[in-house]
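Containing mmCIF, N, CA and C atoms: entry.cif.
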data_input
loop_
_atom_site.label_atom_id
_atom_site.label_comp_id
_atom_site.auth_asym_id
_atom_site.auth_seq_id
_atom_site.Cartn_x
_atom_site.Cartn_y
_atom_site.Cartn_z
N MET A 18 171.60 -111.23 -30.43
CA MET A 18 170.86 -109.98 -30.52
C MET A 18 169.41 -110.22 -30.96
N LEU A 19 169.22 -111.05 -31.98
CA LEU A 19 167.85 -111.32 -32.44
C LEU A 19 167.06 -112.06 -31.37
N ILE A 20 167.74 -112.94 -30.63
CA ILE A 20 167.04 -113.68 -29.58
C ILE A 20 166.59 -112.71 -28.48
N ASP A 21 167.46 -111.78 -28.11
CA ASP A 21 167.09 -110.78 -27.10
C ASP A 21 165.91 -109.94 -27.58
N PHE A 22 165.95 -109.54 -28.83
CA PHE A 22 164.85 -108.75 -29.38
C PHE A 22 163.57 -109.56 -29.38
N GLY A 23 163.68 -110.83 -29.76
CA GLY A 23 162.51 -111.71 -29.76
C GLY A 23 161.89 -111.84 -28.38
N LYS A 24 162.73 -111.96 -27.36
CA LYS A 24 162.23 -112.04 -25.99
C LYS A 24 161.54 -110.74 -25.59
N GLU A 25 162.10 -109.62 -26.00
CA GLU A 25 161.50 -108.32 -25.71
C GLU A 25 160.13 -108.21 -26.36
N VAL A 26 160.03 -108.66 -27.60
CA VAL A 26 158.76 -108.64 -28.33
C VAL A 26 157.72 -109.50 -27.61
N ARG A 27 158.12 -110.70 -27.23
CA ARG A 27 157.19 -111.60 -26.55
C ARG A 27 156.72 -111.01 -25.22
N GLN A 28 157.64 -110.44 -24.45
CA GLN A 28 157.26 -109.82 -23.17
C GLN A 28 156.26 -108.69 -23.39
N TYR A 29 156.53 -107.86 -24.40
CA TYR A 29 155.62 -106.76 -24.73
C TYR A 29 154.25 -107.31 -25.11
N ARG A 30 154.24 -108.33 -25.96
CA ARG A 30 152.98 -108.91 -26.43
C ARG A 30 152.18 -109.48 -25.27
N GLU A 31 152.84 -110.21 -24.39
CA GLU A 31 152.15 -110.82 -23.26
C GLU A 31 151.66 -109.76 -22.27
N LYS A 32 152.44 -108.70 -22.08
CA LYS A 32 152.03 -107.62 -21.18
C LYS A 32 150.75 -106.95 -21.68
N LYS A 33 150.64 -106.82 -23.00
CA LYS A 33 149.46 -106.21 -23.61
C LYS A 33 148.32 -107.20 -23.84
N ASN A 34 148.57 -108.46 -23.49
CA ASN A 34 147.58 -109.53 -23.70
C ASN A 34 147.19 -109.70 -25.17
N TYR A 35 148.17 -109.54 -26.06
CA TYR A 35 147.95 -109.77 -27.49
C TYR A 35 148.34 -111.20 -27.84
N THR A 36 147.64 -111.75 -28.79
CA THR A 36 148.10 -113.00 -29.40
C THR A 36 149.18 -112.64 -30.42
N GLN A 37 149.92 -113.64 -30.89
CA GLN A 37 150.89 -113.37 -31.94
C GLN A 37 150.20 -112.77 -33.15
N LEU A 38 149.05 -113.29 -33.50
CA LEU A 38 148.32 -112.80 -34.66
C LEU A 38 147.90 -111.34 -34.48
N GLU A 39 147.41 -110.99 -33.32
CA GLU A 39 146.99 -109.60 -33.09
C GLU A 39 148.15 -108.63 -33.22
N LEU A 40 149.29 -108.96 -32.62
CA LEU A 40 150.44 -108.07 -32.72
C LEU A 40 150.97 -108.03 -34.14
N ALA A 41 150.99 -109.17 -34.81
CA ALA A 41 151.45 -109.22 -36.20
C ALA A 41 150.61 -108.30 -37.07
N GLU A 42 149.30 -108.33 -36.88
CA GLU A 42 148.41 -107.47 -37.67
C GLU A 42 148.67 -105.99 -37.38
N LYS A 43 149.00 -105.66 -36.14
CA LYS A 43 149.26 -104.26 -35.79
C LYS A 43 150.51 -103.71 -36.46
N VAL A 44 151.48 -104.58 -36.75
CA VAL A 44 152.73 -104.12 -37.37
C VAL A 44 152.84 -104.58 -38.83
N ASN A 45 151.74 -105.08 -39.38
CA ASN A 45 151.65 -105.43 -40.80
C ASN A 45 152.64 -106.50 -41.25
N ILE A 46 152.74 -107.57 -40.45
CA ILE A 46 153.52 -108.74 -40.87
C ILE A 46 152.66 -109.97 -40.67
N SER A 47 153.10 -111.10 -41.18
CA SER A 47 152.33 -112.33 -41.03
C SER A 47 152.56 -112.95 -39.65
N ASN A 48 151.63 -113.78 -39.25
CA ASN A 48 151.75 -114.50 -38.00
C ASN A 48 153.00 -115.38 -38.01
N ASN A 49 153.35 -115.96 -39.15
CA ASN A 49 154.56 -116.79 -39.26
C ASN A 49 155.80 -115.96 -38.98
N HIS A 50 155.85 -114.75 -39.52
CA HIS A 50 156.99 -113.87 -39.26
C HIS A 50 157.08 -113.51 -37.78
N MET A 51 155.94 -113.28 -37.16
CA MET A 51 155.93 -112.95 -35.74
C MET A 51 156.55 -114.08 -34.93
N GLY A 52 156.17 -115.29 -35.23
CA GLY A 52 156.73 -116.44 -34.52
C GLY A 52 158.23 -116.54 -34.70
N ARG A 53 158.69 -116.30 -35.93
CA ARG A 53 160.13 -116.37 -36.19
C ARG A 53 160.87 -115.27 -35.44
N ILE A 54 160.29 -114.11 -35.35
CA ILE A 54 160.93 -113.01 -34.61
C ILE A 54 161.02 -113.37 -33.13
N GLU A 55 159.94 -113.88 -32.56
CA GLU A 55 159.97 -114.23 -31.14
C GLU A 55 160.96 -115.36 -30.85
N ARG A 56 161.17 -116.24 -31.80
CA ARG A 56 162.14 -117.34 -31.61
C ARG A 56 163.58 -116.89 -31.89
N GLY A 57 163.75 -115.67 -32.37
CA GLY A 57 165.10 -115.16 -32.63
C GLY A 57 165.69 -115.62 -33.94
N GLU A 58 164.86 -116.07 -34.85
CA GLU A 58 165.34 -116.50 -36.17
C GLU A 58 165.50 -115.29 -37.08
N PHE A 59 166.48 -115.31 -37.93
CA PHE A 59 166.71 -114.21 -38.87
C PHE A 59 165.52 -114.07 -39.79
N ASP A 60 165.17 -112.86 -40.05
CA ASP A 60 164.05 -112.61 -40.96
C ASP A 60 164.29 -111.28 -41.65
N THR A 61 163.90 -111.20 -42.90
CA THR A 61 164.11 -109.96 -43.66
C THR A 61 163.23 -108.82 -43.20
N VAL A 62 162.19 -109.09 -42.42
CA VAL A 62 161.30 -108.02 -41.96
C VAL A 62 161.68 -107.50 -40.58
N ILE A 63 162.77 -107.97 -40.03
CA ILE A 63 163.12 -107.59 -38.66
C ILE A 63 163.28 -106.07 -38.51
N LEU A 64 163.88 -105.42 -39.47
CA LEU A 64 164.06 -103.97 -39.36
C LEU A 64 162.70 -103.28 -39.39
N HIS A 65 161.85 -103.67 -40.32
CA HIS A 65 160.51 -103.09 -40.42
C HIS A 65 159.76 -103.27 -39.11
N PHE A 66 159.78 -104.48 -38.58
CA PHE A 66 159.08 -104.76 -37.34
C PHE A 66 159.66 -103.96 -36.19
N SER A 67 160.97 -103.92 -36.12
CA SER A 67 161.65 -103.21 -35.04
C SER A 67 161.22 -101.74 -35.01
N LEU A 68 161.18 -101.12 -36.14
CA LEU A 68 160.79 -99.72 -36.20
C LEU A 68 159.35 -99.52 -35.76
N ASN A 69 158.45 -100.41 -36.18
CA ASN A 69 157.04 -100.31 -35.79
C ASN A 69 156.85 -100.60 -34.32
N PHE A 70 157.62 -101.54 -33.80
CA PHE A 70 157.49 -101.94 -32.40
C PHE A 70 158.01 -100.86 -31.47
N ARG A 71 159.16 -100.32 -31.79
CA ARG A 71 159.80 -99.35 -30.91
C ARG A 71 159.25 -97.94 -31.09
N TYR A 72 158.73 -97.66 -32.27
CA TYR A 72 158.21 -96.32 -32.56
C TYR A 72 156.83 -96.42 -33.19
N PRO A 73 155.84 -96.92 -32.41
CA PRO A 73 154.50 -97.09 -32.99
C PRO A 73 153.89 -95.75 -33.39
N GLY A 74 153.05 -95.81 -34.42
CA GLY A 74 152.40 -94.62 -34.96
C GLY A 74 151.41 -94.04 -34.08
#
Structure rendered as structure tokens:
Amino acid sequence: MLIDFGKEVRQYREKKNYTQLELAEKVNISNNHMGRIERGEFDTVILHFSLNFRYPG
């Protein structure tokens, strides 16, 4: 599930022509966390990121 979400995030980022850093800044997480999310690694910020990604302000 996390890997699928990570792939979805990467596709979204690439479609918008954002770097990992740019997208990370938009959802208030670090660039390191963004990389871990895209790789499908467990992270404590996944819920926070998911909410910001799926329901942007």
Excluding stretch 49-59 of chain A and its own-chain neighbours fewer than 2 positions away, which residues fall within 6.5 Å of it when counting only N, CA and C atoms? Please give them as a CSV table (one decimal) with N, CA and C atoms, in the frame of the given file.
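What follows is the written file selection15.csv:
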chain,number,residue,atom,x,y,z
A,19,LEU,N,169.2,-111.0,-32.0
A,19,LEU,CA,167.8,-111.3,-32.4
A,19,LEU,C,167.1,-112.1,-31.4
A,20,ILE,N,167.7,-112.9,-30.6
A,20,ILE,CA,167.0,-113.7,-29.6
A,20,ILE,C,166.6,-112.7,-28.5
A,21,ASP,N,167.5,-111.8,-28.1
A,21,ASP,CA,167.1,-110.8,-27.1
A,21,ASP,C,165.9,-109.9,-27.6
A,22,PHE,N,166.0,-109.5,-28.8
A,22,PHE,CA,164.8,-108.8,-29.4
A,22,PHE,C,163.6,-109.6,-29.4
A,23,GLY,N,163.7,-110.8,-29.8
A,23,GLY,CA,162.5,-111.7,-29.8
A,23,GLY,C,161.9,-111.8,-28.4
A,24,LYS,N,162.7,-112.0,-27.4
A,24,LYS,CA,162.2,-112.0,-26.0
A,24,LYS,C,161.5,-110.7,-25.6
A,26,VAL,N,160.0,-108.7,-27.6
A,26,VAL,CA,158.8,-108.6,-28.3
A,26,VAL,C,157.7,-109.5,-27.6
A,27,ARG,N,158.1,-110.7,-27.2
A,27,ARG,CA,157.2,-111.6,-26.6
A,27,ARG,C,156.7,-111.0,-25.2
A,37,GLN,N,149.9,-113.6,-30.9
A,37,GLN,CA,150.9,-113.4,-31.9
A,37,GLN,C,150.2,-112.8,-33.2
A,41,ALA,N,151.0,-109.2,-34.8
A,41,ALA,CA,151.4,-109.2,-36.2
A,41,ALA,C,150.6,-108.3,-37.1
A,46,ILE,N,152.7,-107.6,-40.4
A,46,ILE,CA,153.5,-108.7,-40.9
A,46,ILE,C,152.7,-110.0,-40.7
A,47,SER,N,153.1,-111.1,-41.2
A,47,SER,CA,152.3,-112.3,-41.0
A,47,SER,C,152.6,-113.0,-39.6
A,61,THR,N,163.9,-111.2,-42.9
A,61,THR,CA,164.1,-110.0,-43.7
A,61,THR,C,163.2,-108.8,-43.2
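The two atoms in question, atom N of A:Asn45 and atom C of A:Glu31, are spaced 17.7 Å apart.
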Which distance in Å separates atom N of A:Leu38 and atom N of A:Glu25, to one decimal? 15.5 Å
Edge lengths and centre in Å to one decimal, as lines of an AutoDock Vina configuration file, of the axis-aligned box that encloses all listed atoms of stretch 21-36 of chain A with 6 Å added on every side?
center_x = 157.3
center_y = -109.6
center_z = -25.8
size_x = 32.3
size_y = 18.8
size_z = 21.2
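Atom N of A:Arg30 to atom CA of A:Asn69 spans 13.0 Å [interatomic distance, one decimal].
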Subset file: stretch 18-55 of chain A, N, CA, C and O atoms, as a PDB file, in the first residue's frame:
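Result file follows (out_20.pdb):
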ATOM      1  N   MET A  18       0.814  -1.196   0.000  1.00  0.00           N
ATOM      2  CA  MET A  18       0.000   0.000   0.000  1.00  0.00           C
ATOM      3  C   MET A  18       0.863   1.268   0.000  1.00  0.00           C
ATOM      4  O   MET A  18       0.582   2.188  -0.749  1.00  0.00           O
ATOM      5  N   LEU A  19       1.897   1.304   0.833  1.00  0.00           N
ATOM      6  CA  LEU A  19       2.762   2.483   0.858  1.00  0.00           C
ATOM      7  C   LEU A  19       3.509   2.646  -0.456  1.00  0.00           C
ATOM      8  O   LEU A  19       3.713   3.765  -0.916  1.00  0.00           O
ATOM      9  N   ILE A  20       3.886   1.515  -1.067  1.00  0.00           N
ATOM     10  CA  ILE A  20       4.595   1.599  -2.342  1.00  0.00           C
ATOM     11  C   ILE A  20       3.674   2.170  -3.410  1.00  0.00           C
ATOM     12  O   ILE A  20       4.077   3.023  -4.197  1.00  0.00           O
ATOM     13  N   ASP A  21       2.417   1.723  -3.432  1.00  0.00           N
ATOM     14  CA  ASP A  21       1.456   2.258  -4.398  1.00  0.00           C
ATOM     15  C   ASP A  21       1.246   3.755  -4.180  1.00  0.00           C
ATOM     16  O   ASP A  21       1.198   4.529  -5.143  1.00  0.00           O
ATOM     17  N   PHE A  22       1.135   4.158  -2.932  1.00  0.00           N
ATOM     18  CA  PHE A  22       0.959   5.574  -2.632  1.00  0.00           C
ATOM     19  C   PHE A  22       2.190   6.354  -3.070  1.00  0.00           C
ATOM     20  O   PHE A  22       2.090   7.434  -3.655  1.00  0.00           O
ATOM     21  N   GLY A  23       3.361   5.804  -2.814  1.00  0.00           N
ATOM     22  CA  GLY A  23       4.602   6.456  -3.228  1.00  0.00           C
ATOM     23  C   GLY A  23       4.676   6.652  -4.730  1.00  0.00           C
ATOM     24  O   GLY A  23       5.110   7.698  -5.222  1.00  0.00           O
ATOM     25  N   LYS A  24       4.245   5.648  -5.477  1.00  0.00           N
ATOM     26  CA  LYS A  24       4.220   5.768  -6.937  1.00  0.00           C
ATOM     27  C   LYS A  24       3.234   6.845  -7.377  1.00  0.00           C
ATOM     28  O   LYS A  24       3.507   7.607  -8.304  1.00  0.00           O
ATOM     29  N   GLU A  25       2.099   6.912  -6.717  1.00  0.00           N
ATOM     30  CA  GLU A  25       1.096   7.932  -7.030  1.00  0.00           C
ATOM     31  C   GLU A  25       1.664   9.327  -6.773  1.00  0.00           C
ATOM     32  O   GLU A  25       1.473  10.248  -7.573  1.00  0.00           O
ATOM     33  N   VAL A  26       2.369   9.479  -5.668  1.00  0.00           N
ATOM     34  CA  VAL A  26       2.987  10.765  -5.326  1.00  0.00           C
ATOM     35  C   VAL A  26       4.008  11.154  -6.389  1.00  0.00           C
ATOM     36  O   VAL A  26       4.018  12.294  -6.871  1.00  0.00           O
ATOM     37  N   ARG A  27       4.856  10.210  -6.764  1.00  0.00           N
ATOM     38  CA  ARG A  27       5.888  10.508  -7.764  1.00  0.00           C
ATOM     39  C   ARG A  27       5.258  10.894  -9.107  1.00  0.00           C
ATOM     40  O   ARG A  27       5.701  11.844  -9.764  1.00  0.00           O
ATOM     41  N   GLN A  28       4.228  10.164  -9.527  1.00  0.00           N
ATOM     42  CA  GLN A  28       3.557  10.490 -10.785  1.00  0.00           C
ATOM     43  C   GLN A  28       2.963  11.899 -10.738  1.00  0.00           C
ATOM     44  O   GLN A  28       3.071  12.662 -11.708  1.00  0.00           O
ATOM     45  N   TYR A  29       2.326  12.225  -9.621  1.00  0.00           N
ATOM     46  CA  TYR A  29       1.758  13.561  -9.446  1.00  0.00           C
ATOM     47  C   TYR A  29       2.860  14.614  -9.521  1.00  0.00           C
ATOM     48  O   TYR A  29       2.726  15.618 -10.223  1.00  0.00           O
ATOM     49  N   ARG A  30       3.953  14.374  -8.816  1.00  0.00           N
ATOM     50  CA  ARG A  30       5.063  15.329  -8.778  1.00  0.00           C
ATOM     51  C   ARG A  30       5.642  15.546 -10.165  1.00  0.00           C
ATOM     52  O   ARG A  30       5.874  16.688 -10.592  1.00  0.00           O
ATOM     53  N   GLU A  31       5.852  14.468 -10.889  1.00  0.00           N
ATOM     54  CA  GLU A  31       6.432  14.579 -12.223  1.00  0.00           C
ATOM     55  C   GLU A  31       5.460  15.255 -13.199  1.00  0.00           C
ATOM     56  O   GLU A  31       5.883  16.032 -14.052  1.00  0.00           O
ATOM     57  N   LYS A  32       4.173  14.976 -13.062  1.00  0.00           N
ATOM     58  CA  LYS A  32       3.168  15.609 -13.920  1.00  0.00           C
ATOM     59  C   LYS A  32       3.163  17.129 -13.730  1.00  0.00           C
ATOM     60  O   LYS A  32       2.996  17.887 -14.680  1.00  0.00           O
ATOM     61  N   LYS A  33       3.368  17.558 -12.485  1.00  0.00           N
ATOM     62  CA  LYS A  33       3.393  18.981 -12.166  1.00  0.00           C
ATOM     63  C   LYS A  33       4.773  19.615 -12.369  1.00  0.00           C
ATOM     64  O   LYS A  33       4.954  20.803 -12.137  1.00  0.00           O
ATOM     65  N   ASN A  34       5.739  18.785 -12.764  1.00  0.00           N
ATOM     66  CA  ASN A  34       7.128  19.246 -12.948  1.00  0.00           C
ATOM     67  C   ASN A  34       7.735  19.824 -11.672  1.00  0.00           C
ATOM     68  O   ASN A  34       8.471  20.809 -11.717  1.00  0.00           O
ATOM     69  N   TYR A  35       7.397  19.220 -10.533  1.00  0.00           N
ATOM     70  CA  TYR A  35       7.992  19.619  -9.253  1.00  0.00           C
ATOM     71  C   TYR A  35       9.196  18.735  -8.958  1.00  0.00           C
ATOM     72  O   TYR A  35       9.201  17.558  -9.293  1.00  0.00           O
ATOM     73  N   THR A  36      10.165  19.319  -8.296  1.00  0.00           N
ATOM     74  CA  THR A  36      11.232  18.507  -7.721  1.00  0.00           C
ATOM     75  C   THR A  36      10.705  17.928  -6.409  1.00  0.00           C
ATOM     76  O   THR A  36       9.663  18.376  -5.895  1.00  0.00           O
ATOM     77  N   GLN A  37      11.423  16.955  -5.855  1.00  0.00           N
ATOM     78  CA  GLN A  37      11.019  16.433  -4.551  1.00  0.00           C
ATOM     79  C   GLN A  37      11.009  17.553  -3.524  1.00  0.00           C
ATOM     80  O   GLN A  37      10.098  17.632  -2.699  1.00  0.00           O
ATOM     81  N   LEU A  38      11.988  18.415  -3.571  1.00  0.00           N
ATOM     82  CA  LEU A  38      12.071  19.516  -2.614  1.00  0.00           C
ATOM     83  C   LEU A  38      10.881  20.462  -2.750  1.00  0.00           C
ATOM     84  O   LEU A  38      10.287  20.860  -1.753  1.00  0.00           O
ATOM     85  N   GLU A  39      10.511  20.798  -3.958  1.00  0.00           N
ATOM     86  CA  GLU A  39       9.380  21.716  -4.159  1.00  0.00           C
ATOM     87  C   GLU A  39       8.080  21.136  -3.613  1.00  0.00           C
ATOM     88  O   GLU A  39       7.325  21.828  -2.930  1.00  0.00           O
ATOM     89  N   LEU A  40       7.816  19.863  -3.899  1.00  0.00           N
ATOM     90  CA  LEU A  40       6.588  19.249  -3.393  1.00  0.00           C
ATOM     91  C   LEU A  40       6.653  19.103  -1.879  1.00  0.00           C
ATOM     92  O   LEU A  40       5.666  19.354  -1.184  1.00  0.00           O
ATOM     93  N   ALA A  41       7.806  18.738  -1.357  1.00  0.00           N
ATOM     94  CA  ALA A  41       7.964  18.607   0.093  1.00  0.00           C
ATOM     95  C   ALA A  41       7.647  19.928   0.790  1.00  0.00           C
ATOM     96  O   ALA A  41       6.962  19.951   1.809  1.00  0.00           O
ATOM     97  N   GLU A  42       8.133  21.024   0.237  1.00  0.00           N
ATOM     98  CA  GLU A  42       7.866  22.333   0.830  1.00  0.00           C
ATOM     99  C   GLU A  42       6.379  22.674   0.782  1.00  0.00           C
ATOM    100  O   GLU A  42       5.844  23.269   1.710  1.00  0.00           O
ATOM    101  N   LYS A  43       5.695  22.269  -0.275  1.00  0.00           N
ATOM    102  CA  LYS A  43       4.266  22.561  -0.400  1.00  0.00           C
ATOM    103  C   LYS A  43       3.426  21.835   0.643  1.00  0.00           C
ATOM    104  O   LYS A  43       2.362  22.311   1.020  1.00  0.00           O
ATOM    105  N   VAL A  44       3.896  20.670   1.102  1.00  0.00           N
ATOM    106  CA  VAL A  44       3.134  19.901   2.098  1.00  0.00           C
ATOM    107  C   VAL A  44       3.804  19.915   3.471  1.00  0.00           C
ATOM    108  O   VAL A  44       3.445  19.145   4.358  1.00  0.00           O
ATOM    109  N   ASN A  45       4.797  20.786   3.636  1.00  0.00           N
ATOM    110  CA  ASN A  45       5.445  21.020   4.936  1.00  0.00           C
ATOM    111  C   ASN A  45       6.116  19.783   5.535  1.00  0.00           C
ATOM    112  O   ASN A  45       5.951  19.472   6.711  1.00  0.00           O
ATOM    113  N   ILE A  46       6.876  19.075   4.687  1.00  0.00           N
ATOM    114  CA  ILE A  46       7.710  17.978   5.183  1.00  0.00           C
ATOM    115  C   ILE A  46       9.109  18.167   4.622  1.00  0.00           C
ATOM    116  O   ILE A  46       9.318  18.972   3.710  1.00  0.00           O
ATOM    117  N   SER A  47      10.062  17.405   5.124  1.00  0.00           N
ATOM    118  CA  SER A  47      11.430  17.529   4.637  1.00  0.00           C
ATOM    119  C   SER A  47      11.610  16.774   3.324  1.00  0.00           C
ATOM    120  O   SER A  47      10.838  15.872   2.989  1.00  0.00           O
ATOM    121  N   ASN A  48      12.635  17.155   2.595  1.00  0.00           N
ATOM    122  CA  ASN A  48      12.980  16.480   1.358  1.00  0.00           C
ATOM    123  C   ASN A  48      13.284  15.004   1.622  1.00  0.00           C
ATOM    124  O   ASN A  48      12.940  14.143   0.808  1.00  0.00           O
ATOM    125  N   ASN A  49      13.916  14.692   2.751  1.00  0.00           N
ATOM    126  CA  ASN A  49      14.212  13.296   3.109  1.00  0.00           C
ATOM    127  C   ASN A  49      12.929  12.496   3.270  1.00  0.00           C
ATOM    128  O   ASN A  49      12.836  11.351   2.813  1.00  0.00           O
ATOM    129  N   HIS A  50      11.937  13.079   3.926  1.00  0.00           N
ATOM    130  CA  HIS A  50      10.657  12.394   4.085  1.00  0.00           C
ATOM    131  C   HIS A  50       9.991  12.164   2.736  1.00  0.00           C
ATOM    132  O   HIS A  50       9.391  11.111   2.509  1.00  0.00           O
ATOM    133  N   MET A  51      10.090  13.134   1.853  1.00  0.00           N
ATOM    134  CA  MET A  51       9.499  12.983   0.525  1.00  0.00           C
ATOM    135  C   MET A  51      10.109  11.785  -0.198  1.00  0.00           C
ATOM    136  O   MET A  51       9.393  10.982  -0.797  1.00  0.00           O
ATOM    137  N   GLY A  52      11.403  11.672  -0.137  1.00  0.00           N
ATOM    138  CA  GLY A  52      12.074  10.540  -0.780  1.00  0.00           C
ATOM    139  C   GLY A  52      11.626   9.212  -0.197  1.00  0.00           C
ATOM    140  O   GLY A  52      11.393   8.244  -0.933  1.00  0.00           O
ATOM    141  N   ARG A  53      11.494   9.168   1.128  1.00  0.00           N
ATOM    142  CA  ARG A  53      11.057   7.926   1.774  1.00  0.00           C
ATOM    143  C   ARG A  53       9.626   7.580   1.380  1.00  0.00           C
ATOM    144  O   ARG A  53       9.296   6.410   1.182  1.00  0.00           O
ATOM    145  N   ILE A  54       8.782   8.565   1.247  1.00  0.00           N
ATOM    146  CA  ILE A  54       7.399   8.322   0.835  1.00  0.00           C
ATOM    147  C   ILE A  54       7.372   7.771  -0.591  1.00  0.00           C
ATOM    148  O   ILE A  54       6.696   6.780  -0.864  1.00  0.00           O
ATOM    149  N   GLU A  55       8.130   8.382  -1.491  1.00  0.00           N
ATOM    150  CA  GLU A  55       8.142   7.910  -2.872  1.00  0.00           C
ATOM    151  C   GLU A  55       8.707   6.499  -2.994  1.00  0.00           C
ATOM    152  O   GLU A  55       8.309   5.751  -3.879  1.00  0.00           O
TER     153      GLU A  55
END
